[in-house]
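This report concerns only the one structure given below.
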Amino acid sequence: MSKKSSNRKNWKSATLAIHGMGRTPKAYYSVSTPIVQTSNYYFDSTAEVLEFMKAKSEGRVVREHEYGRYGNPTQQECERKLEAIEGAERAVLFSTGMSAVIITLLAYMRRNGHIIFTNDCYRQTRDFATSLLSEFGIEVSLVDPTAKVIAEAIQPNTNIIFTESPTNPYLRVLDIPAIVKVAKQHRIMTIIDATLATPHNIKPLELGVDIVIHSATKYLGGHNDLLAGVTLGKHNLLNNLYRMQRMIGATPGPFTCFLLERGLKSFALRMEHHNRAGMSIAHMLESHPKIEKIWYPGLESHPDHRIAIQQMRGFGSVITFLLKGGDKETRKFIDSLELFLITPSLGGSESLVTQMSTMSFFDYPEDYRRSIGMVDNLVRIALGLEDVDDLTADLKQALDKI
Ligand SMILES: Cc1ncc(COP(=O)(O)O)c(C=O)c1O
């Protein structure tokens, strides 16, 4: 804000998502951030170029923009707001969640190093870890998502612990302070993909984690209409990553950033709805006779419920469950749903449903697929912003059909 507010530090995420930590000047006094649809930014004279280059080499900023791969004004505005919501010094925005995950790992992995991942994690992250990292000479361990097992997996060459929390799809919640404690003892960097929690429900940096990643495609964007990712952390720590991002250029375009910034304005409101809907529908499913088992961190039956209630403000709207029956019954249930669209992803306005074995893990050999829990009757739903009573009725009528 142009007038300094003494109360700024106390602003809550609903306010921060709209204003960031204060007001920045905008072209034409526009309220929303204009989309600057250009690939490059011109200079008025060679003298201006020289001044710009000199300032840059001295670490001073005389003007922000030079070339589109290095960023655009709408991106900068999104980053400013994401930093504020997360409580981070710096955010680096990427074109997808996966480019955030992979470029962040590339920036901090070390030759002959060892990285610990949890074995329940997003499929593409798992594939990058197991099939590509080893080709770069990086050792990888995929371990159960508990602080104890992670601590036991530490080797002398471990330099990164990469976790999700909650994990995807089993929604395991990690004891972050315990992992941070052991990581600090061994000078290991901690990176957490907190896409399923969002900064509304958990603040990993406050718990001592070094770097947080989100697929902004999900709750942050919130409308199933964009792809983006973000990495957040301390300013100096992200220098390497920023350099790499400028080289590789997985930069989100101006229109994507406009949509993301627009999505952020309703982020806190949407998260409150997601948390309420998740809790209500998880309770309904847990007591339904056609459900064999359910995973939702807000339920007492979840293996990490005690950790979740200590760390999380709400539990989101992703619910994973086993139906009673096999492939036939599961497909009948999914095909009978009227409001849930059959597609992966989560965190948007439309409710989505996935049979994990066919949608996300189909190309894995069947034995391996089963060994990692991707059985035919495993279903993941991601509730959208529809009325909770309508979603409840839709799930019940589809369960009645099997
Ligand atoms: C936990 C998690 N991390 C990362 C990603 C990748 O994000 P994106 O699809 O934006 O690349 C996903 C996508 O589903 C995810 O669920």
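Chain labels run A, B, ... following the order of the structure tokens; each chain numbers its residues from 1, and ligands are numbered from 1 in the order shown.
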
Among region 203-324 of chain A, which residues does DSSP mark as strand (DSSP E or B) when it is run on the backbone? Keep the chain and numbering as in the structure and answer as a list of chain:residue names.
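Those in region 203-324 of chain A that DSSP calls strand (DSSP E or B) are A:Ile211, A:Val212, A:Ile213, A:His214, A:Ser215, A:Gly229, A:Val230, A:Thr231, A:Leu232, A:Gly233, A:Ile291, A:Glu292, A:Lys293, A:Ile294, A:Trp295, A:Val318, A:Ile319, A:Thr320, A:Phe321, A:Leu322, A:Leu323.
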
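Residues with any atom within 6 Å of region 77-87 of chain A, counting only C-alpha atoms and excluding same-chain neighbours fewer than 6 positions away, are Ser13, Leu16, Ala17, Gly20, Met21, Pro199 and Glu261 of chain A.
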
Go ahead and write the residues just picked, C-alpha atoms, as a tab-separated table (two decimals), in the first residue's frame.
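The result, written out as part36.tsv:
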chain	number	residue	atom	x	y	z
A	13	SER	CA	-4.29	-15.49	3.78
A	16	LEU	CA	-2.70	-11.64	1.31
A	17	ALA	CA	-4.04	-13.55	-1.68
A	20	GLY	CA	0.13	-9.52	-1.26
A	21	MET	CA	2.11	-7.61	1.36
A	199	PRO	CA	-0.61	-22.85	2.25
A	261	GLU	CA	-3.75	-14.38	-9.96

Protein and nucleic acid residues within 6 Å of ligand 1 (only C-alpha atoms and all ligand atoms) as a list of chain:residue names
A:Thr96, A:Gly97, A:Met98, A:Tyr122, A:Asn168, A:Thr195, A:Ser215, A:Thr217, A:Leu227, A:Ala228, A:Gly229, A:Ser345

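Of the listed residues A:Ala88, A:Cys257, A:Ile150, A:Ile192, the one whose atoms come nearest to Pro73 (chain A) is A:Cys257, with distances taken using only C-alpha atoms.
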
Exercise: Thr104 (chain A) partners within 10 Å, only C-alpha atoms, chain neighbours under 5 positions left out, as a PyMOL selection string
chain A and resi 92+98-99+109+191+211-213+230-231+238+240-242+244-245

Report as CSV: every residue of region 90-209 of chain A with an atom at most 8 Å from region 283-298 of chain A, its closest pair of atoms, and their distance in Å to one decimal, counting only C-alpha atoms, with rows sorted by chain and ascending residue number.
residue,atom,partner,partner_atom,distance
A:Tyr170,CA,A:Trp295,CA,6.3
A:Leu171,CA,A:Tyr296,CA,6.5
A:Arg172,CA,A:Pro297,CA,7.4
A:Val173,CA,A:Pro297,CA,7.3

Taking N, CA and C atoms for each residue, export the selection above as a JSON list (two decimals), in the first residue's frame.
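Listed below is the output, part-v2.json:
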[["chain", "number", "residue", "atom", "x", "y", "z"],
["A", 170, "TYR", "N", -2.65, -41.78, -1.19],
["A", 170, "TYR", "CA", -3.11, -42.30, 0.10],
["A", 170, "TYR", "C", -3.21, -41.26, 1.21],
["A", 171, "LEU", "N", -2.86, -40.01, 0.89],
["A", 171, "LEU", "CA", -3.07, -38.88, 1.81],
["A", 171, "LEU", "C", -2.36, -39.08, 3.14],
["A", 172, "ARG", "N", -1.16, -39.72, 3.08],
["A", 172, "ARG", "CA", -0.37, -39.87, 4.30],
["A", 172, "ARG", "C", 0.17, -38.49, 4.70],
["A", 173, "VAL", "N", 0.12, -38.21, 5.98],
["A", 173, "VAL", "CA", 0.58, -36.90, 6.47],
["A", 173, "VAL", "C", 1.87, -37.13, 7.26]]

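The residue that comes closest to His223 (chain A), out of A:Gly316, A:Gly384, A:Pro365, A:Pro166 and on the basis of only C-alpha atoms, is A:Gly384.
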
Give me the residues within 9 Å of Leu207 (chain A) as a list in words, counting only C-alpha atoms and dropping any in the same chain fewer than 3 places off.
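Those residues are Ile176, Pro177, Val180, Lys203 and Pro204 of chain A.
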
Between CA of Phe117 (chain A) and CA of Val140 (chain A), distance in Å (one decimal)
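Between CA of Phe117 (chain A) and CA of Val140 (chain A) the gap works out to 7.3 Å.
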
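With CA of Gln310 (chain A) on one side and CA of Thr163 (chain A) on the other, the separation reads 18.1 Å.
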
I need the residues in region 32-196 of chain A that are helix (DSSP H, G or I) according to DSSP; give them as a PyMOL selection string.
chain A and resi 46-57+68-70+73-86+97-108+123-136+147-152+176-185

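Computed from the coordinates, the CA of Gln311 (chain A) to CA of Ala14 (chain A) distance equals 19.5 Å.
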
Using only C-alpha atoms, can you tell me which of A:Gly347, A:Leu339, A:Phe94, A:Ile115 comes closest to Leu220 (chain A)?
A:Gly347
